[in-house]
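Everything below belongs to input.csv, which stores CSV, C-alpha atoms.
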chain,number,residue,atom,x,y,z
A,1,MET,CA,77.8,127.0,183.4
A,2,THR,CA,80.4,125.2,181.4
A,3,VAL,CA,83.0,127.4,179.7
A,4,VAL,CA,85.6,126.4,177.2
A,5,ALA,CA,88.5,128.0,175.5
A,6,THR,CA,88.7,129.0,171.9
A,7,PRO,CA,91.8,130.1,169.9
A,8,PRO,CA,93.2,133.2,171.7
A,9,ALA,CA,92.2,136.6,170.3
A,10,PRO,CA,93.9,139.9,170.8
A,11,LYS,CA,92.0,142.4,173.0
A,12,LEU,CA,90.0,144.9,171.0
A,13,GLU,CA,91.3,148.4,171.4
A,14,LEU,CA,87.8,149.7,171.9
A,15,PRO,CA,87.3,152.3,174.6
A,16,PRO,CA,84.2,152.4,176.8
A,17,LEU,CA,81.1,153.8,175.2
A,18,LYS,CA,80.4,157.3,176.3
A,19,LEU,CA,76.7,158.5,176.2
A,20,GLY,CA,76.7,161.9,177.8
A,21,PRO,CA,77.4,161.3,181.5
A,22,ILE,CA,77.0,157.5,181.2
A,23,THR,CA,80.0,155.3,180.6
A,24,VAL,CA,79.3,151.7,179.3
A,25,ASP,CA,82.5,149.8,180.0
A,26,THR,CA,81.6,146.9,177.7
A,27,PRO,CA,80.2,148.6,174.6
A,28,VAL,CA,77.4,146.2,174.0
A,29,ILE,CA,73.7,147.1,174.0
A,30,LEU,CA,70.8,144.8,174.4
A,31,ALA,CA,68.3,145.8,171.7
A,32,PRO,CA,64.8,146.3,173.0
A,33,MET,CA,62.5,143.5,171.9
A,34,ALA,CA,58.8,143.4,172.4
A,35,GLY,CA,57.8,140.8,174.9
A,36,ILE,CA,61.4,139.8,175.5
A,37,THR,CA,63.5,142.5,177.2
A,38,ASN,CA,61.5,142.9,180.3
A,39,SER,CA,63.2,143.3,183.7
A,40,ALA,CA,63.5,139.5,184.1
A,41,PHE,CA,65.4,139.0,180.9
A,42,ARG,CA,67.5,142.1,181.5
A,43,ARG,CA,68.5,140.8,184.9
A,44,LEU,CA,69.4,137.4,183.5
A,45,CYS,CA,71.6,139.0,180.8
A,46,ARG,CA,73.3,141.2,183.4
A,47,GLU,CA,74.2,138.2,185.5
A,48,TYR,CA,76.5,137.0,182.7
A,49,GLY,CA,78.1,140.2,181.4
A,50,GLY,CA,78.3,144.0,181.2
A,51,GLY,CA,76.6,146.3,178.8
A,52,LEU,CA,73.6,148.6,178.5
A,53,TYR,CA,70.3,146.8,178.7
A,54,VAL,CA,67.3,148.5,177.1
A,55,ALA,CA,63.7,147.9,178.1
A,56,GLU,CA,60.9,147.0,175.7
A,57,MET,CA,59.8,149.7,173.3
A,58,VAL,CA,57.0,151.9,174.9
A,59,THR,CA,54.7,154.1,172.8
A,60,SER,CA,54.7,157.8,173.7
A,61,ARG,CA,51.0,158.0,173.8
A,62,ALA,CA,50.5,155.1,176.1
A,63,LEU,CA,53.2,156.5,178.4
A,64,VAL,CA,51.7,160.0,178.5
A,65,GLU,CA,48.3,158.4,179.3
A,66,ARG,CA,50.0,156.3,182.0
A,67,THR,CA,48.5,153.0,181.0
A,68,PRO,CA,49.4,150.2,183.4
A,69,GLU,CA,51.3,148.3,180.7
A,70,SER,CA,53.4,151.2,179.7
A,71,LEU,CA,54.4,151.9,183.3
A,72,ARG,CA,55.3,148.2,183.8
A,73,ILE,CA,57.5,148.4,180.7
A,74,ILE,CA,59.6,151.3,181.9
A,75,SER,CA,60.0,149.9,185.4
A,76,HIS,CA,63.5,148.8,186.4
A,77,ASP,CA,65.1,146.8,189.1
A,78,ASP,CA,66.6,148.8,191.9
A,79,ASP,CA,70.1,147.6,191.0
A,80,GLU,CA,69.9,148.5,187.3
A,81,LYS,CA,72.7,151.1,187.1
A,82,VAL,CA,71.4,152.6,183.9
A,83,ARG,CA,67.6,152.7,183.5
A,84,SER,CA,67.3,152.6,179.7
A,85,VAL,CA,64.0,153.3,178.0
A,86,GLN,CA,63.1,153.1,174.3
A,87,LEU,CA,60.3,155.3,173.0
A,88,TYR,CA,58.2,155.1,169.8
A,89,GLY,CA,56.1,157.9,168.4
A,90,VAL,CA,55.1,159.8,165.3
A,91,ASP,CA,54.0,163.0,166.8
A,92,PRO,CA,56.6,165.5,168.0
A,93,VAL,CA,54.3,166.9,170.7
A,94,THR,CA,53.5,163.5,172.1
A,95,VAL,CA,57.1,162.3,172.0
A,96,GLY,CA,58.2,165.5,173.7
A,97,ALA,CA,55.6,165.0,176.4
A,98,ALA,CA,56.8,161.4,177.0
A,99,VAL,CA,60.4,162.5,177.3
A,100,ARG,CA,59.5,165.3,179.6
A,101,MET,CA,57.6,162.9,181.8
A,102,LEU,CA,60.6,160.5,182.0
A,103,VAL,CA,62.9,163.4,182.9
A,104,GLU,CA,60.7,165.3,185.4
A,105,GLU,CA,59.7,162.1,187.2
A,106,ASP,CA,63.2,160.6,187.2
A,107,ARG,CA,62.2,157.4,185.4
A,108,ALA,CA,65.2,157.0,183.1
A,109,ASP,CA,68.9,157.6,182.7
A,110,HIS,CA,69.0,157.0,179.0
A,111,ILE,CA,66.4,157.3,176.3
A,112,ASP,CA,66.4,155.8,172.8
A,113,LEU,CA,64.1,156.7,170.0
A,114,ASN,CA,62.8,153.9,167.7
A,115,PHE,CA,63.1,154.5,164.0
A,116,GLY,CA,63.8,150.9,163.1
A,117,CYS,CA,60.7,148.9,163.7
A,118,PRO,CA,59.6,147.2,160.4
A,119,VAL,CA,56.3,145.7,161.5
A,120,PRO,CA,53.2,146.8,159.4
A,121,LYS,CA,51.1,148.1,162.3
A,122,VAL,CA,53.9,150.6,163.0
A,123,THR,CA,55.0,151.5,159.4
A,124,ARG,CA,51.5,151.9,158.0
A,125,ARG,CA,51.1,154.8,160.5
A,126,GLY,CA,54.3,156.4,159.3
A,127,GLY,CA,56.3,155.2,162.3
A,128,GLY,CA,59.4,153.1,162.9
A,129,SER,CA,61.5,152.6,159.9
A,130,ALA,CA,59.1,154.5,157.7
A,131,LEU,CA,59.4,157.8,159.6
A,132,PRO,CA,63.0,159.0,158.6
A,133,TRP,CA,61.7,159.3,155.0
A,134,LYS,CA,59.9,162.4,156.1
A,135,ILE,CA,62.8,164.7,156.8
A,136,ASP,CA,60.8,167.5,158.5
A,137,LEU,CA,58.9,165.1,160.8
A,138,PHE,CA,62.0,163.2,161.7
A,139,THR,CA,63.9,166.4,162.5
A,140,SER,CA,61.1,167.8,164.6
A,141,ILE,CA,60.8,164.6,166.7
A,142,VAL,CA,64.5,164.3,167.3
A,143,GLN,CA,65.1,167.9,168.1
A,144,THR,CA,62.1,168.0,170.5
A,145,ALA,CA,63.2,164.9,172.2
A,146,VAL,CA,66.8,166.0,172.6
A,147,LYS,CA,65.7,169.4,174.0
A,148,GLU,CA,63.5,167.7,176.6
A,149,ALA,CA,66.1,165.1,177.6
A,150,SER,CA,68.8,167.7,177.9
A,151,LYS,CA,66.8,169.4,180.7
A,152,GLY,CA,67.7,166.4,182.9
A,153,ASN,CA,71.2,165.8,181.3
A,154,ILE,CA,69.9,162.5,180.0
A,155,PRO,CA,71.6,161.2,176.8
A,156,LEU,CA,69.2,160.5,173.9
A,157,THR,CA,70.1,158.1,171.2
A,158,ILE,CA,68.3,156.8,168.1
A,159,LYS,CA,68.1,153.4,166.5
A,160,MET,CA,67.2,153.1,162.8
A,161,ARG,CA,67.4,151.0,159.6
A,162,LYS,CA,68.9,151.7,156.3
A,163,GLY,CA,65.6,152.9,155.0
A,164,ILE,CA,62.3,151.7,153.6
A,165,ASP,CA,63.8,149.7,150.7
A,166,ASP,CA,66.8,149.8,148.5
A,167,ASP,CA,65.2,152.7,146.5
A,168,HIS,CA,64.4,154.7,149.5
A,169,LEU,CA,67.4,154.8,151.8
A,170,THR,CA,67.4,157.3,154.6
A,171,TYR,CA,70.2,156.3,157.1
A,172,LEU,CA,72.9,158.8,156.0
A,173,ASP,CA,70.5,161.8,156.0
A,174,ALA,CA,68.9,160.7,159.2
A,175,GLY,CA,72.3,160.1,160.9
A,176,ARG,CA,73.5,163.6,160.0
A,177,ILE,CA,70.2,165.2,161.2
A,178,ALA,CA,70.4,163.3,164.5
A,179,ARG,CA,74.0,164.3,164.9
A,180,ASP,CA,73.3,167.9,164.3
A,181,SER,CA,70.3,167.8,166.6
A,182,GLY,CA,72.5,166.7,169.5
A,183,VAL,CA,71.9,163.0,169.9
A,184,ALA,CA,74.5,161.1,172.0
A,185,ALA,CA,74.8,158.1,169.5
A,186,VAL,CA,73.3,156.5,166.5
A,187,ALA,CA,72.6,152.8,166.0
A,188,LEU,CA,72.1,151.3,162.6
A,189,HIS,CA,70.5,147.9,161.8
A,190,GLY,CA,71.9,147.0,158.4
A,191,ARG,CA,68.6,146.1,156.8
A,192,THR,CA,65.8,148.0,155.2
A,193,ALA,CA,62.2,147.8,156.4
A,194,ALA,CA,61.4,145.7,153.3
A,195,GLN,CA,63.9,143.0,154.3
A,196,PHE,CA,62.3,142.7,157.7
A,197,TYR,CA,64.8,140.2,159.3
A,198,SER,CA,65.5,138.2,156.2
A,199,GLY,CA,68.8,137.9,154.2
A,200,GLN,CA,72.0,139.3,155.5
A,201,ALA,CA,72.6,142.5,157.3
A,202,ASP,CA,74.6,145.0,155.3
A,203,TRP,CA,77.6,145.8,157.4
A,204,SER,CA,79.0,148.0,154.7
A,205,ALA,CA,76.2,150.5,155.3
A,206,ILE,CA,77.2,150.5,158.9
A,207,ALA,CA,80.8,151.3,157.9
A,208,ARG,CA,79.6,154.1,155.6
A,209,LEU,CA,77.6,155.7,158.5
A,210,ARG,CA,80.6,155.4,160.8
A,211,GLU,CA,82.7,157.2,158.2
A,212,ALA,CA,80.0,159.9,157.7
A,213,LEU,CA,79.7,160.6,161.4
A,214,PRO,CA,83.2,160.7,162.8
A,215,ASP,CA,82.2,163.0,165.7
A,216,ILE,CA,79.6,160.9,167.6
A,217,PRO,CA,79.4,157.2,168.5
A,218,VAL,CA,78.0,154.9,165.9
A,219,LEU,CA,76.7,151.4,166.9
A,220,GLY,CA,76.2,148.4,164.6
A,221,ASN,CA,73.3,146.0,164.7
A,222,GLY,CA,72.4,142.9,162.7
A,223,ASP,CA,73.5,139.3,162.5
A,224,ILE,CA,75.5,139.2,165.7
A,225,TRP,CA,75.0,135.6,166.7
A,226,SER,CA,78.3,135.1,168.5
A,227,ALA,CA,81.1,137.0,170.2
A,228,GLU,CA,83.2,136.4,167.1
A,229,ASP,CA,80.5,138.1,165.0
A,230,ALA,CA,80.7,141.2,167.2
A,231,VAL,CA,84.5,141.4,167.1
A,232,ARG,CA,84.3,141.0,163.3
A,233,MET,CA,81.7,143.8,163.0
A,234,VAL,CA,83.9,146.1,165.0
A,235,ARG,CA,86.9,145.4,162.9
A,236,GLU,CA,85.1,145.6,159.6
A,237,THR,CA,83.0,148.7,160.3
A,238,GLY,CA,84.9,150.7,162.9
A,239,VAL,CA,81.8,151.1,165.1
A,240,ASP,CA,82.1,152.2,168.7
A,241,GLY,CA,79.9,149.3,170.0
A,242,VAL,CA,77.4,146.7,169.0
A,243,VAL,CA,73.7,146.2,169.5
A,244,VAL,CA,72.5,142.6,170.0
A,245,GLY,CA,68.9,141.5,169.4
A,246,ARG,CA,67.8,138.1,168.3
A,247,GLY,CA,71.2,136.6,168.8
A,248,CYS,CA,70.6,136.5,172.6
A,249,GLN,CA,67.2,134.9,172.5
A,250,GLY,CA,67.5,131.7,174.5
A,251,ARG,CA,71.2,132.6,175.1
A,252,PRO,CA,71.5,135.2,177.8
A,253,TRP,CA,75.1,134.0,178.4
A,254,LEU,CA,76.0,135.6,175.0
A,255,PHE,CA,76.7,138.7,177.0
A,256,GLY,CA,79.3,136.9,179.0
A,257,ASP,CA,80.9,135.8,175.8
A,258,LEU,CA,80.8,139.3,174.4
A,259,MET,CA,82.5,140.8,177.5
A,260,ALA,CA,85.2,138.1,177.4
A,261,ALA,CA,85.8,138.6,173.7
A,262,PHE,CA,86.1,142.4,173.9
A,263,GLU,CA,88.6,141.9,176.7
A,264,GLY,CA,90.7,139.4,174.6
A,265,SER,CA,89.7,136.4,176.6
A,266,ASP,CA,89.2,133.0,174.9
A,267,VAL,CA,86.5,131.8,177.4
A,268,ARG,CA,83.1,131.0,175.9
A,269,HIS,CA,79.9,129.5,177.4
A,270,LYS,CA,79.1,126.1,175.9
A,271,PRO,CA,76.3,124.9,178.1
A,272,GLY,CA,75.2,121.3,178.3
A,273,LEU,CA,71.5,120.6,178.7
A,274,ARG,CA,71.7,120.6,182.5
A,275,GLN,CA,73.0,124.2,182.4
A,276,VAL,CA,70.3,125.2,179.9
A,277,ALA,CA,67.6,123.7,182.1
A,278,LYS,CA,68.9,125.7,185.0
A,279,GLY,CA,68.8,128.9,182.9
A,280,ILE,CA,65.2,128.2,181.8
A,281,TYR,CA,64.1,127.7,185.4
A,282,ARG,CA,66.0,130.8,186.6
A,283,HIS,CA,64.3,132.8,183.8
A,284,ALA,CA,60.9,131.6,184.8
A,285,GLU,CA,61.5,132.5,188.4
A,286,LEU,CA,62.5,136.0,187.5
A,287,MET,CA,59.4,136.3,185.3
A,288,VAL,CA,57.2,135.4,188.2
A,289,GLU,CA,58.9,138.2,190.2
A,290,THR,CA,58.4,140.6,187.3
A,291,PHE,CA,54.7,140.0,186.7
A,292,GLY,CA,53.7,139.0,190.2
A,293,ASP,CA,51.4,136.4,188.5
A,294,GLU,CA,52.8,132.8,188.1
A,295,GLY,CA,50.3,131.9,185.4
A,296,LYS,CA,51.1,135.0,183.3
A,297,ALA,CA,54.8,134.5,183.8
A,298,LEU,CA,54.7,130.9,182.7
A,299,ARG,CA,52.7,131.8,179.6
A,300,GLU,CA,55.4,134.4,178.8
A,301,ILE,CA,58.3,131.9,179.2
A,302,ARG,CA,56.8,129.5,176.7
A,303,LYS,CA,57.9,131.6,173.7
A,304,HIS,CA,61.6,131.2,174.9
A,305,MET,CA,61.6,127.4,174.9
A,306,ALA,CA,62.4,126.8,171.3
A,307,TRP,CA,65.3,129.3,171.5
A,308,TYR,CA,66.8,127.8,174.6
A,309,LEU,CA,66.6,124.3,173.2
A,310,LYS,CA,67.8,125.0,169.6
A,311,GLY,CA,70.2,122.3,168.5
A,312,TYR,CA,69.7,120.1,171.6
A,313,VAL,CA,68.4,116.6,171.3
A,314,VAL,CA,64.9,116.9,172.9
A,315,GLY,CA,62.0,114.8,171.9
A,316,SER,CA,58.9,116.3,170.3
A,317,ASP,CA,56.7,115.3,173.2
A,318,LEU,CA,58.9,117.0,175.7
A,319,ARG,CA,59.2,120.1,173.6
A,320,HIS,CA,55.4,120.2,173.2
A,321,ARG,CA,54.9,120.0,177.0
A,322,LEU,CA,57.5,122.6,177.7
A,323,ALA,CA,55.6,124.9,175.4
A,324,LEU,CA,52.5,124.5,177.5
A,325,VAL,CA,53.8,124.7,181.1
A,326,THR,CA,51.4,126.3,183.6
A,327,SER,CA,53.4,126.6,186.8
A,328,LEU,CA,56.9,126.5,188.2
A,329,GLU,CA,56.2,123.1,189.6
A,330,VAL,CA,55.2,121.7,186.2
A,331,LEU,CA,58.2,123.4,184.6
A,332,ARG,CA,60.6,121.9,187.2
A,333,GLY,CA,59.2,118.4,186.7
A,334,THR,CA,59.2,118.6,182.9
A,335,LEU,CA,62.8,119.9,182.8
A,336,ASP,CA,63.9,117.0,185.0
A,337,GLU,CA,62.8,114.7,182.3
A,338,LEU,CA,65.4,116.0,179.9
A,339,ASP,CA,68.6,114.1,179.3
A,340,LEU,CA,70.5,116.5,181.5
A,341,ASP,CA,73.8,114.9,180.8
A,342,SER,CA,73.6,115.9,177.1
A,343,PRO,CA,76.6,118.0,176.1
A,344,TYR,CA,76.7,121.2,174.2
A,345,PRO,CA,75.7,120.3,170.6
A,346,GLY,CA,78.0,122.7,168.9
A,347,VAL,CA,77.1,124.5,165.7
A,348,ASP,CA,73.5,123.2,165.8
A,349,ALA,CA,72.9,125.5,168.9
A,350,GLU,CA,74.4,128.5,167.3
A,351,GLY,CA,73.6,130.9,164.4
A,352,PRO,CA,70.3,132.6,163.5
A,353,ARG,CA,67.3,132.2,165.8
A,354,GLY,CA,63.8,133.6,165.9
A,355,ARG,CA,61.6,134.3,162.9
A,356,ALA,CA,63.4,136.1,160.1
A,357,GLY,CA,60.2,136.7,158.0
A,358,SER,CA,60.5,137.2,154.3
A,359,PRO,CA,61.1,140.4,152.2
A,360,LYS,CA,57.8,142.2,151.7
A,361,LYS,CA,56.5,145.6,150.5
A,362,PRO,CA,56.3,147.8,153.6
A,363,ALA,CA,52.9,149.0,154.6
A,364,LEU,CA,52.9,152.8,154.4
A,365,PRO,CA,50.5,155.7,154.7
A,366,LYS,CA,48.9,156.9,151.5
A,367,ASP,CA,51.3,158.7,149.1
A,368,TRP,CA,54.1,158.4,151.7
A,369,LEU,CA,56.9,158.0,149.2
A,370,LEU,CA,55.8,160.8,146.8
A,371,ASP,CA,57.8,163.5,148.7
A,372,ARG,CA,60.3,163.7,151.5
A,373,ARG,CA,58.1,166.1,153.4
A,374,LEU,CA,54.7,165.8,154.9
A,375,ASN,CA,51.8,167.1,152.8
A,376,ALA,CA,48.8,168.8,154.5
A,377,GLU,CA,46.7,165.7,154.8
A,378,GLN,CA,49.6,163.7,156.3
A,379,SER,CA,50.3,166.4,158.8
A,380,GLN,CA,46.8,166.4,160.0
A,381,GLU,CA,46.8,162.6,160.4
A,382,ILE,CA,50.1,162.3,162.3
A,383,ALA,CA,48.8,163.7,165.6
A,384,ALA,CA,46.0,161.0,165.6
A,385,ALA,CA,48.3,158.2,164.4
A,386,GLU,CA,50.0,157.4,167.7
A,387,LEU,CA,49.7,153.8,168.6
A,388,ASP,CA,48.2,153.2,172.1
A,389,VAL,CA,49.7,149.7,172.5
A,390,SER,CA,53.2,149.4,174.0
A,391,GLY,CA,55.7,146.7,173.6
A,392,GLY,CA,55.6,146.2,169.9

Rewrite the structure of this file - the entire thing - as C-alpha cells.
Amino acid sequence: MTVVATPPAPKLELPPLKLGPITVDTPVILAPMAGITNSAFRRLCREYGGGLYVAEMVTSRALVERTPESLRIISHDDDEKVRSVQLYGVDPVTVGAAVRMLVEEDRADHIDLNFGCPVPKVTRRGGGSALPWKIDLFTSIVQTAVKEASKGNIPLTIKMRKGIDDDHLTYLDAGRIARDSGVAAVALHGRTAAQFYSGQADWSAIARLREALPDIPVLGNGDIWSAEDAVRMVRETGVDGVVVGRGCQGRPWLFGDLMAAFEGSDVRHKPGLRQVAKGIYRHAELMVETFGDEGKALREIRKHMAWYLKGYVVGSDLRHRLALVTSLEVLRGTLDELDLDSPYPGVDAEGPRGRAGSPKKPALPKDWLLDRRLNAEQSQEIAAAELDVSGG
C-alpha cells in the first residue's frame, strides 16, 4: 500500500476511549452498516488500524428466536479482541431477552443499541430514529438493556440521531436519559431521520450534546470522509471519539489514516489502482471465508466495487463486468485487466460515497407525534412490532 506524507499535524491530546472495562486505544468506531460490516470487512479494517469494530445491526426478535442469519451476524473471528454487537428493538421485553442471551452465552463484550436508523421499514414501526420521541418507551428499553448487560459487566452504549425532524428533536433528552440509566457512552449522528443521509451533518448539535453530558463519553458521527475530518470534528466538538460509517466504504485503509492522524503522524494511504485491486481481492477472499459459499460471497462483493473504484479511470465495460463477478477466478482475471499502474487520482477518490438519499417525511406509526408518551393503542402494538429481519 502506497503511503504519502501530508503537512505535519500535532498529536491530538485525546485519551483512549473507556467503555466500562474496555479500553479502545484509538478512539475510532466502525459504525454498523447492514450488509457491510460483516466479519470479513471488520477484519480488513483491523488490518489497517486500531479501533472498535461493530457488527451489523441484529434485531432483538430474530436473535431471541435464534434465526441462522442473526447468529451469523453476531459471530466474530477468534482474534477479535472486542466482540461488539448492535441490537435493534422496540419492545423492552424482547430487547432485554436479547441482551440477556448475549450475556449468559458469552457472545459479546460490548453491546450498542440502535436509535439512529432512518429507513422507513424501521421508523414506521416506531423503531430506530423514531423511538426516542416516546420518552417512556426509550427509557424502558435503555434501562432494561443496561440492567441485563451489567450482569455480565458488559458496557452498553447507544447510537442515535438528532431527532425525527427539525421540529421534533430528541437528542438532548435522550442523551440525559441514557446517561442517567447507566450507559457507557452515547454516539450522535448529526442528522435527523428526515434528512436521511442528505445535506451536511450538524456538528454543532454534537458539540451541544458533549457540553450537556460532561460525565460520560460522547462520540460524533457524520461526514467523516478523511482523517482530517475526524481531527476537525474532535477539535470543533470536543467529542471523546468518532464513529465512521460511509466514509470507509471501499476504503478500509481509512482506519490506518485515522490511527496515524490521532497519533500526530502525517502518513496517509494514497493507493494506486494496483493496491486497490489487491484490496478488492483480499476482501473477496475474506468474504468467501465468512460465508463459506463462493457464489454468495462474490454476490456480496459486487456492491463494494463502485466504492473501491470511485475516482479511478476504469472503463464502463470493466466496471460492468466487475459488478457481475461470479467467482474468485473471474474476479482475479477481471482485476488483471485494469490499468494497474494508474496512480492515486487524488480528490476524485475522496469525499462522500454511498447513496445519500434525499430529505423526506419519515414514515411513522399512526399519531406518533401527537404525544411524547405511548397511548394505549401504541402500547399494544409495540410488542408485535419487532422486525424479524436482521441486518437492516

Near-segment 15-31 of chain A list (6 Å; only C-alpha atoms; drop same-chain fewer than 2 positions) as a PyMOL selection string: chain A and resi 50-54+155+184+241-245

Counting all atoms listed in the file, the residue of A:Leu44, A:Val314, A:His189, A:Val119 that sits nearest Lys278 of chain A: A:Leu44

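Nearest residue to Leu12 of chain A among A:Gly116, A:Pro365, A:Gly315, A:Gly238 is A:Gly238, counting only C-alpha atoms.
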
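Closest approach to Leu219 of chain A from the set A:Ile280, A:Ala260, A:Ile382, A:Met160 is made by A:Met160, with distances taken over all atoms listed in the file.
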
Neighbour list for Leu298 of chain A as a PyMOL selection string, cut-off 10 Å, all atoms listed in the file, skip fewer than 4 positions in-chain: chain A and resi 283-285+287-288+291+293-294+302-303+323-328+330-331

Distance of atom CA of Gly163 of chain A from atom CA of Pro214 of chain A, expressed in Å to one decimal place: 20.8 Å

Residue nearest Arg299 of chain A among A:Pro68, A:Gly35, A:Tyr344, A:Leu87 (counting all atoms listed in the file): A:Gly35

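Residue nearest Val218 of chain A within the list A:Gln195, A:Thr157, A:Thr67, A:Ser204: A:Thr157 [criterion: smallest interatomic distance, only C-alpha atoms].
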
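Coordinates place atom CA of Ser181 of chain A at a distance of 11.6 Å from atom CA of Ile216 of chain A.
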
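One finds atom CA of Arg251 of chain A at 15.1 Å from atom CA of Asn38 of chain A.
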
Spatial neighbours of Val99 of chain A, max dist 7 Å, only C-alpha atoms, sep filter under 6 positions, as JSON, numbers by chain: {"A": [145, 148, 149]}

Ref. answer, residues at most 10 Å from (66.0, 118.5, 182.9) with all atoms listed in the file, as a tab-separated table (two decimals) with C-alpha atoms, keeping the file's coordinate frame:
chain	number	residue	atom	x	y	z
A	273	LEU	CA	71.50	120.60	178.70
A	274	ARG	CA	71.70	120.60	182.50
A	275	GLN	CA	73.00	124.20	182.40
A	276	VAL	CA	70.30	125.20	179.90
A	277	ALA	CA	67.60	123.70	182.10
A	278	LYS	CA	68.90	125.70	185.00
A	280	ILE	CA	65.20	128.20	181.80
A	281	TYR	CA	64.10	127.70	185.40
A	331	LEU	CA	58.20	123.40	184.60
A	332	ARG	CA	60.60	121.90	187.20
A	333	GLY	CA	59.20	118.40	186.70
A	334	THR	CA	59.20	118.60	182.90
A	335	LEU	CA	62.80	119.90	182.80
A	336	ASP	CA	63.90	117.00	185.00
A	337	GLU	CA	62.80	114.70	182.30
A	338	LEU	CA	65.40	116.00	179.90
A	339	ASP	CA	68.60	114.10	179.30
A	340	LEU	CA	70.50	116.50	181.50
A	341	ASP	CA	73.80	114.90	180.80
A	342	SER	CA	73.60	115.90	177.10

Who sits within 7 Å of segment 221-227 of chain A, all atoms listed in the file, same chain under 3 positions skipped, as a list in words: Ala187, Leu188, His189, Gly190, Ala201, Ala230, Val231, Val242, Val243, Val244, Gly247, Leu254, Asp257, Leu258, Ala261, Gly351 and Pro352 of chain A

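Proximity ranking of A:Leu14, A:Ala349, A:Lys296, A:Thr123 relative to Gly311 of chain A places A:Ala349 first, based on only C-alpha atoms.
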
Within 8 Å of file point (62.3, 163.9, 167.3), counting all atoms listed in the file, expressed as a ChimeraX atom specification: /A:92,95-96,113,137-146

Based on the selection just made, write C-alpha atoms of those residues as a PDB file, in the frame of the given file.
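Dumped to result_35.pdb:
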ATOM      1  CA  PRO A  92      56.600 165.500 168.000  1.00  0.00           C
ATOM      2  CA  VAL A  95      57.100 162.300 172.000  1.00  0.00           C
ATOM      3  CA  GLY A  96      58.200 165.500 173.700  1.00  0.00           C
ATOM      4  CA  LEU A 113      64.100 156.700 170.000  1.00  0.00           C
ATOM      5  CA  LEU A 137      58.900 165.100 160.800  1.00  0.00           C
ATOM      6  CA  PHE A 138      62.000 163.200 161.700  1.00  0.00           C
ATOM      7  CA  THR A 139      63.900 166.400 162.500  1.00  0.00           C
ATOM      8  CA  SER A 140      61.100 167.800 164.600  1.00  0.00           C
ATOM      9  CA  ILE A 141      60.800 164.600 166.700  1.00  0.00           C
ATOM     10  CA  VAL A 142      64.500 164.300 167.300  1.00  0.00           C
ATOM     11  CA  GLN A 143      65.100 167.900 168.100  1.00  0.00           C
ATOM     12  CA  THR A 144      62.100 168.000 170.500  1.00  0.00           C
ATOM     13  CA  ALA A 145      63.200 164.900 172.200  1.00  0.00           C
ATOM     14  CA  VAL A 146      66.800 166.000 172.600  1.00  0.00           C
TER      15      VAL A 146
END

What would segment 79-91 of chain A look like with N, CA and C atoms in place, written as a PDB file, keeping the file's coordinate frame?
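selection_21.pdb, written as the output of this step:
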ATOM      1  N   ASP A  79      68.665 147.687 191.234  1.00  0.00           N
ATOM      2  CA  ASP A  79      70.100 147.600 191.000  1.00  0.00           C
ATOM      3  C   ASP A  79      70.492 147.800 189.523  1.00  0.00           C
ATOM      4  N   GLU A  80      69.539 148.178 188.670  1.00  0.00           N
ATOM      5  CA  GLU A  80      69.900 148.500 187.300  1.00  0.00           C
ATOM      6  C   GLU A  80      70.579 149.858 187.279  1.00  0.00           C
ATOM      7  N   LYS A  81      71.869 149.848 187.011  1.00  0.00           N
ATOM      8  CA  LYS A  81      72.700 151.100 187.100  1.00  0.00           C
ATOM      9  C   LYS A  81      72.225 152.129 186.128  1.00  0.00           C
ATOM     10  N   VAL A  82      71.858 151.693 184.930  1.00  0.00           N
ATOM     11  CA  VAL A  82      71.400 152.600 183.900  1.00  0.00           C
ATOM     12  C   VAL A  82      69.968 152.210 183.520  1.00  0.00           C
ATOM     13  N   ARG A  83      69.006 153.037 183.829  1.00  0.00           N
ATOM     14  CA  ARG A  83      67.600 152.700 183.500  1.00  0.00           C
ATOM     15  C   ARG A  83      67.401 153.238 182.034  1.00  0.00           C
ATOM     16  N   SER A  84      67.341 152.291 181.128  1.00  0.00           N
ATOM     17  CA  SER A  84      67.300 152.600 179.700  1.00  0.00           C
ATOM     18  C   SER A  84      65.896 152.345 179.152  1.00  0.00           C
ATOM     19  N   VAL A  85      65.321 153.343 178.475  1.00  0.00           N
ATOM     20  CA  VAL A  85      64.000 153.300 178.000  1.00  0.00           C
ATOM     21  C   VAL A  85      63.973 153.579 176.467  1.00  0.00           C
ATOM     22  N   GLN A  86      63.217 152.799 175.685  1.00  0.00           N
ATOM     23  CA  GLN A  86      63.100 153.100 174.300  1.00  0.00           C
ATOM     24  C   GLN A  86      61.653 153.602 173.986  1.00  0.00           C
ATOM     25  N   LEU A  87      61.545 154.765 173.325  1.00  0.00           N
ATOM     26  CA  LEU A  87      60.300 155.300 173.000  1.00  0.00           C
ATOM     27  C   LEU A  87      59.975 155.197 171.486  1.00  0.00           C
ATOM     28  N   TYR A  88      58.697 155.012 171.191  1.00  0.00           N
ATOM     29  CA  TYR A  88      58.200 155.100 169.800  1.00  0.00           C
ATOM     30  C   TYR A  88      57.172 156.152 169.713  1.00  0.00           C
ATOM     31  N   GLY A  89      57.176 156.881 168.632  1.00  0.00           N
ATOM     32  CA  GLY A  89      56.100 157.900 168.400  1.00  0.00           C
ATOM     33  C   GLY A  89      56.239 158.474 167.030  1.00  0.00           C
ATOM     34  N   VAL A  90      55.146 159.101 166.570  1.00  0.00           N
ATOM     35  CA  VAL A  90      55.100 159.800 165.300  1.00  0.00           C
ATOM     36  C   VAL A  90      54.759 161.237 165.354  1.00  0.00           C
ATOM     37  N   ASP A  91      54.374 161.648 166.547  1.00  0.00           N
ATOM     38  CA  ASP A  91      54.000 163.000 166.800  1.00  0.00           C
ATOM     39  C   ASP A  91      54.977 163.738 167.671  1.00  0.00           C
TER      40      ASP A  91
END
